[in-house]
Number of protein chains: 2
Amino acid sequence: MNMELSGRGKPTPEKSQRAHVRPETEHATVGIGLNAAIVAVLDNEPVALAVRGEADSAGATDGLPFGPFSPREHRTLEGGLRAWVHDQTGLDLGYAEQLYTFADRGRLPEPGDVAPHVVSIGYLALTQANGQHGLTNGVWRSWYQYFPWEDWRRGRPEIIASEIEPRLKAWADKPAPALASASLIARGDRARMCFGFDGAAWDEEKVLERYELLYEAGLVDEALRDGRNAAQGWNVRAKLGLPMQADHRRILATAIGRTRAKIKYRPVIFELMPNDFTLYELQKTVEAILGPHLHKQNFRRLVEGAGLVEPTGDMKTRTGGRPAKLFRFRREVLLERPAPGVRVSAPPSRS
Amino acid sequence: MNMELSGRGKPTPEKSQRAHVRPETEHATVGIGLNAAIVAVLDNEPVALAVRGEADSAGATDGLPFGPFSPREHRTLEGGLRAWVHDQTGLDLGYAEQLYTFADRGRLPEPGDVAPHVVSIGYLALTQANGQHGLTNGVWRSWYQYFPWEDWRRGRPEIIASEIEPRLKAWADKPAPALASASLIARGDRARMCFGFDGAAWDEEKVLERYELLYEAGLVDEALRDGRNAAQGWNVRAKLGLPMQADHRRILATAIGRTRAKIKYRPVIFELMPNDFTLYELQKTVEAILGPHLHKQNFRRLVEGAGLVEPTGDMKTRTGGRPAKLFRFRREVLLERPAPGVRVSAPPSRS
DNA sequence: CGGCATATGCTCGAATTGAGCACAAGAAGG
DNA sequence: CCTTCTTGTGCTCAATTCGAGCATATGCCG
């Protein structure tokens, strides 16, 4: 989990372990946890399912649904995920994909413990949240509550200019610690690229990079909670977006970034839509996830031209204007195109 | 790990586990293994580092470098990976990224064992294999030995028409098992999309999908070894490509697919190149990975226009023709473009 | 019935892309 | 030395795609 920038020869801070020739038998055993970022779009708002944690030090913090994986009970990771998500929340997941496996020590809240001995595997699931249909636990919460800087639907979010830019620039002016742990790229340049300062382009897919930068800079609560402030001289009150338990917000950031990337080359957007929809509803859903982009007429040309949808024959009348044709997902596109999706391109570099 | 096709409501075959309210404490413990697909390009041949397994039933089978992860010894997964890769092979990894976590039971060779209790996390590493520089263990082997159908450098590989197409079509004509476990798409259609039968486009990124389809169809040795032939009436001798231990070939397939995708939007191709190179050498490296594509002049326009390279000022004379300008990777591109890479597009649907 | 709001069709210029022509310049060989 | 081969490099041109706007359609509401 890094910036995925091209850099050779990252240092290996750990000491080499003893040589071993046939290592297969000497595993240390750890627990496996599964985290699910369950995403839907409710009233044009992208939401994730959050469960309320028990109140800890600073009040109750949201978390993602979480459950252990037992290879004894479940044949596959995804099967285990579906089972306990159903048990915990009443939801039957549709589409699900694995995101990333997190095992980093040092991010976990237990202060005295040496190693977490828990590896957590993050999953992304997309679903329709028609009403609160059978939800027994957890609430749908806008993902922009956790990541307010990601919400460009009404233009550039103010929090970037008012909070993020000054604080990140102050951080960039401090010298980086000599370990050079993070990156070969200067702090200021990373901030510029991530948040589009000074006219750089905003890349809506870099959700994780942005969160990790804020974490490194000590601007999210999780950084303080994890004790990184002790080592540096940070502001005590960070508060950019709602925090989450453990590294759940990192997983959610990964999920958002993956969702934003994926709808461009896989028709997963339809996992979030009802069966019939108007093209404008489809556009609004895409924009809820990506931020506003497209010219309505061009969006129509795009999705119709790509063969992603077909008219149902019916119309929707209560649109407030001229009635709109209803469409449905055209499954055959999967057999026709190698990578069908809503291929919207980057917006023209608004800053 | 599936076809990532848009399909709702996959059935959950496992039974629900007992309800649990605060699951964090009741982890079953399992071992964590790390697998590395270490990729380089040697003499225009894409290679992966393979280690020879001890001879099992049918002779020695290659495997990927593999080591256990101990959270006690290593702070991060990637740190652990780098350490034992260095110990086992003498290599210092440059670029590395996590691929996927595999925990599926039923793919492991132990016939009597109920559950593997080992979760393996696959990594992709890109490196330069200048000579056998310090290699203490393992050999570089062309990845097309494991996946001959992926090698389109001399046109469509013959093995597709001679072996894969007839055998997959025979498999497609058999009725799918009622469990409908794999996909909502008919076997024949999946085969068509994966391998480009009947004029469908070849998508060089679908490496994993192709391997998994062959596995399901019982056409790779691993399927036989895992005992799937007992349930069906398969050919006893599969032999499409060299097999590997456990699910290492699946990990390598994931690695190849990811590499092919990634060089298009990240400048990771330069991890595989020496510092100075000619544009034609760069093109050959890209083609080794992707298959042949580009018009030489357009490739030049592409990489120069994208600002990916800059001339060193020197020339390379021993080219067999006119001397060629030498170039180097232009790091500044990382600060200028959000997703710089060799944006080659799909070849014009050769079948 | 007229105005409003949304839906939908169409056009046009700019940018990108695929493909080829032409020429440059060292190597090899008579 | 001059021809020919081979690879490198600059340029053009048509086809396609993309961004943006104009114009018209049509139900709803007063």
# chains A, B, ... in the order shown; residues from 1 in each chain; ligands from 1
$ closest_atom_pairs --of "chain D" --to "chain A" --cutoff "9 Å" --atoms "only C-alpha atoms (C1' of nucleotides)" --output "JSON lines"
{"residue": "D:DC18", "atom": "C1'", "partner": "A:Asn298", "partner_atom": "CA", "distance": 8.8}
{"residue": "D:DG19", "atom": "C1'", "partner": "A:Asn298", "partner_atom": "CA", "distance": 8.4}
{"residue": "D:DA20", "atom": "C1'", "partner": "A:His295", "partner_atom": "CA", "distance": 8.2}
{"residue": "D:DA25", "atom": "C1'", "partner": "A:Arg322", "partner_atom": "CA", "distance": 7.8}
{"residue": "D:DT26", "atom": "C1'", "partner": "A:Arg322", "partner_atom": "CA", "distance": 4.9}
{"residue": "D:DG27", "atom": "C1'", "partner": "A:Arg322", "partner_atom": "CA", "distance": 4.8}
{"residue": "D:DC28", "atom": "C1'", "partner": "A:Gly321", "partner_atom": "CA", "distance": 6.8}
$ interface_residues --of "chain C" --to "chain A" --cutoff "12 Å" --atoms "only C-alpha atoms (C1' of nucleotides)" --output "PyMOL selection string"
chain C and resi 4-10
$ residues_around --residues "region 282-293 of chain B" --least-positions-apart "3" --cutoff "9 Å" --atoms "only C-alpha atoms (C1' of nucleotides)" --output "short mmCIF file (atom, residue, chain, number, x, y, z; two decimals) with N, CA and C atoms, in the first residue's frame"
data_model
loop_
_atom_site.label_atom_id
_atom_site.label_comp_id
_atom_site.auth_asym_id
_atom_site.auth_seq_id
_atom_site.Cartn_x
_atom_site.Cartn_y
_atom_site.Cartn_z
N VAL B 41 12.51 -8.62 -17.57
CA VAL B 41 12.56 -8.89 -19.00
C VAL B 41 14.02 -9.10 -19.37
N ASP B 43 16.50 -10.18 -22.46
CA ASP B 43 16.59 -10.40 -23.91
C ASP B 43 15.22 -10.43 -24.55
N ASN B 44 14.44 -9.45 -24.25
CA ASN B 44 13.09 -9.33 -24.81
C ASN B 44 12.18 -10.49 -24.44
N GLU B 45 12.51 -11.22 -23.41
CA GLU B 45 11.65 -12.31 -22.97
C GLU B 45 11.18 -11.99 -21.56
N PRO B 46 9.89 -11.95 -21.33
CA PRO B 46 9.41 -11.69 -19.97
C PRO B 46 9.61 -12.94 -19.14
N GLU B 150 -0.60 -17.10 -24.06
CA GLU B 150 -0.53 -15.65 -23.87
C GLU B 150 0.50 -14.99 -24.78
N ASP B 151 1.27 -15.78 -25.49
CA ASP B 151 2.39 -15.23 -26.26
C ASP B 151 1.95 -14.93 -27.69
N TRP B 152 1.58 -13.71 -27.93
CA TRP B 152 1.10 -13.30 -29.25
C TRP B 152 2.17 -12.57 -30.04
N ARG B 153 3.43 -12.71 -29.64
CA ARG B 153 4.45 -11.91 -30.31
C ARG B 153 4.68 -12.36 -31.74
N ARG B 154 4.40 -13.58 -32.02
CA ARG B 154 4.51 -14.05 -33.41
C ARG B 154 3.13 -14.40 -33.94
N GLY B 155 2.18 -13.54 -33.65
CA GLY B 155 0.81 -13.80 -34.08
C GLY B 155 0.07 -14.70 -33.10
N GLU B 204 -5.69 -8.73 -23.79
CA GLU B 204 -4.46 -9.27 -23.21
C GLU B 204 -4.45 -9.21 -21.68
N GLU B 205 -5.35 -8.45 -21.09
CA GLU B 205 -5.35 -8.36 -19.63
C GLU B 205 -6.09 -9.50 -18.94
N ILE B 256 0.72 -11.41 -14.19
CA ILE B 256 0.87 -11.02 -15.59
C ILE B 256 -0.25 -10.07 -15.99
N THR B 259 0.42 -6.72 -14.46
CA THR B 259 1.52 -6.02 -15.14
C THR B 259 1.04 -5.43 -16.45
N ARG B 260 0.31 -6.23 -17.20
CA ARG B 260 -0.17 -5.75 -18.49
C ARG B 260 -1.09 -4.56 -18.34
N ALA B 261 -1.91 -4.58 -17.32
CA ALA B 261 -2.81 -3.45 -17.10
C ALA B 261 -2.03 -2.24 -16.62
N ILE B 263 1.15 -1.16 -16.76
CA ILE B 263 2.08 -0.34 -17.54
C ILE B 263 1.34 0.69 -18.37
N ILE B 269 6.92 0.35 -16.39
CA ILE B 269 7.73 -0.32 -17.41
C ILE B 269 9.20 -0.03 -17.19
N PHE B 270 9.49 1.15 -16.63
CA PHE B 270 10.89 1.53 -16.45
C PHE B 270 11.56 0.77 -15.32
N LEU B 272 11.67 -2.24 -15.41
CA LEU B 272 12.19 -3.39 -16.14
C LEU B 272 13.31 -3.00 -17.10
N MET B 273 13.59 -1.71 -17.19
CA MET B 273 14.55 -1.22 -18.18
C MET B 273 15.83 -0.78 -17.49
N PHE B 277 18.22 3.68 -22.61
CA PHE B 277 17.68 2.72 -23.56
C PHE B 277 17.27 3.49 -24.81
N THR B 278 17.13 2.75 -25.90
CA THR B 278 16.59 3.37 -27.10
C THR B 278 15.08 3.17 -27.10
N LEU B 279 14.42 3.96 -27.91
CA LEU B 279 12.97 3.83 -27.93
C LEU B 279 12.54 2.46 -28.46
N LYS B 296 5.94 1.51 -35.09
CA LYS B 296 7.10 2.10 -34.42
C LYS B 296 6.98 3.62 -34.31
N PHE B 299 4.53 4.63 -31.68
CA PHE B 299 5.02 4.37 -30.32
C PHE B 299 5.92 5.51 -29.87
N ARG B 300 6.78 5.92 -30.79
CA ARG B 300 7.65 7.06 -30.49
C ARG B 300 6.82 8.30 -30.15
N VAL B 342 2.28 3.82 -20.55
CA VAL B 342 2.36 3.53 -21.97
C VAL B 342 0.94 3.20 -22.45
N VAL B 344 -0.95 2.25 -24.65
CA VAL B 344 -1.25 1.57 -25.89
C VAL B 344 -2.66 1.03 -25.81
N SER B 345 -3.33 1.07 -26.94
CA SER B 345 -4.70 0.55 -26.92
C SER B 345 -4.72 -0.83 -27.55
N ALA B 346 -5.86 -1.43 -27.52
CA ALA B 346 -5.96 -2.81 -27.97
C ALA B 346 -5.61 -2.92 -29.45
N PRO B 347 -4.99 -4.00 -29.83
CA PRO B 347 -4.70 -4.22 -31.25
C PRO B 347 -6.01 -4.42 -31.99
N PRO B 348 -6.00 -4.21 -33.30
CA PRO B 348 -7.24 -4.18 -34.08
C PRO B 348 -7.85 -5.56 -34.25
#
$ select_by_dssp --residues "region 40-200 of chain A" --states "alpha helix (DSSP H)" --output "ChimeraX atom specification"
/A:77-89,143-146,158-159,165-173,187-195
$ residues_around --residues "Val51 (chain A)" --least-positions-apart "5" --cutoff "9 Å" --atoms "only C-alpha atoms (C1' of nucleotides)" --output "PyMOL selection string"
chain A and resi 61-66+137-140
$ write_last_selection --atoms "C-alpha atoms" --output "PDB file, in the first residue's frame"
ATOM      1  CA  THR A  61     -16.643   5.524  16.378  1.00  0.00           C
ATOM      2  CA  ASP A  62     -18.040   4.018  13.224  1.00  0.00           C
ATOM      3  CA  GLY A  63     -16.549   0.910  11.778  1.00  0.00           C
ATOM      4  CA  LEU A  64     -17.056  -1.240   8.762  1.00  0.00           C
ATOM      5  CA  PRO A  65     -18.807  -4.555   9.205  1.00  0.00           C
ATOM      6  CA  PHE A  66     -16.158  -6.934  10.369  1.00  0.00           C
ATOM      7  CA  ASN A 137     -27.622  -3.715  12.116  1.00  0.00           C
ATOM      8  CA  GLY A 138     -25.648  -0.794  10.858  1.00  0.00           C
ATOM      9  CA  VAL A 139     -26.637   2.379   9.085  1.00  0.00           C
ATOM     10  CA  TRP A 140     -26.077   3.726   5.624  1.00  0.00           C
TER      11      TRP A 140
END
$ atom_distance --atom1 "CA of Gly67 (chain B)" --atom2 "CA of Gly241 (chain B)"
24.8 Å
$ closest_residue --among "A:Tyr215, A:Phe327, A:Phe195, A:Tyr144" --to "chain B" --atoms "only C-alpha atoms"
A:Phe195
$ select_by_dssp --residues "region 204-316 of chain B" --states "strand (DSSP E)" --output "PyMOL selection string"
chain B and resi 309-316
$ write_last_selection --atoms "C-alpha atoms" --output "tab-separated table (two decimals), in the first residue's frame"
chain	number	residue	atom	x	y	z
B	309	VAL	CA	11.24	9.92	-21.53
B	310	GLU	CA	13.95	12.43	-22.22
B	311	PRO	CA	17.06	12.09	-24.37
B	312	THR	CA	20.29	11.55	-22.53
B	313	GLY	CA	22.25	13.20	-25.32
B	314	ASP	CA	24.16	10.02	-26.11
B	315	MET	CA	23.67	7.65	-29.00
B	316	LYS	CA	23.72	3.92	-29.28
$ atom_distance --atom1 "CA of His74 (chain B)" --atom2 "CA of Arg249 (chain A)"
23.1 Å
$ closest_residue --among "A:Arg82, A:Arg210, A:Arg52, A:Lys169" --to "chain B" --atoms "only C-alpha atoms"
A:Arg82
$ atom_distance --atom1 "CA of Ala186 (chain B)" --atom2 "CA of His248 (chain B)"
27.1 Å
$ closest_residue --among "A:Tyr211, A:Tyr265, A:Trp202, A:Tyr123" --to "chain B" --atoms "only C-alpha atoms"
A:Trp202
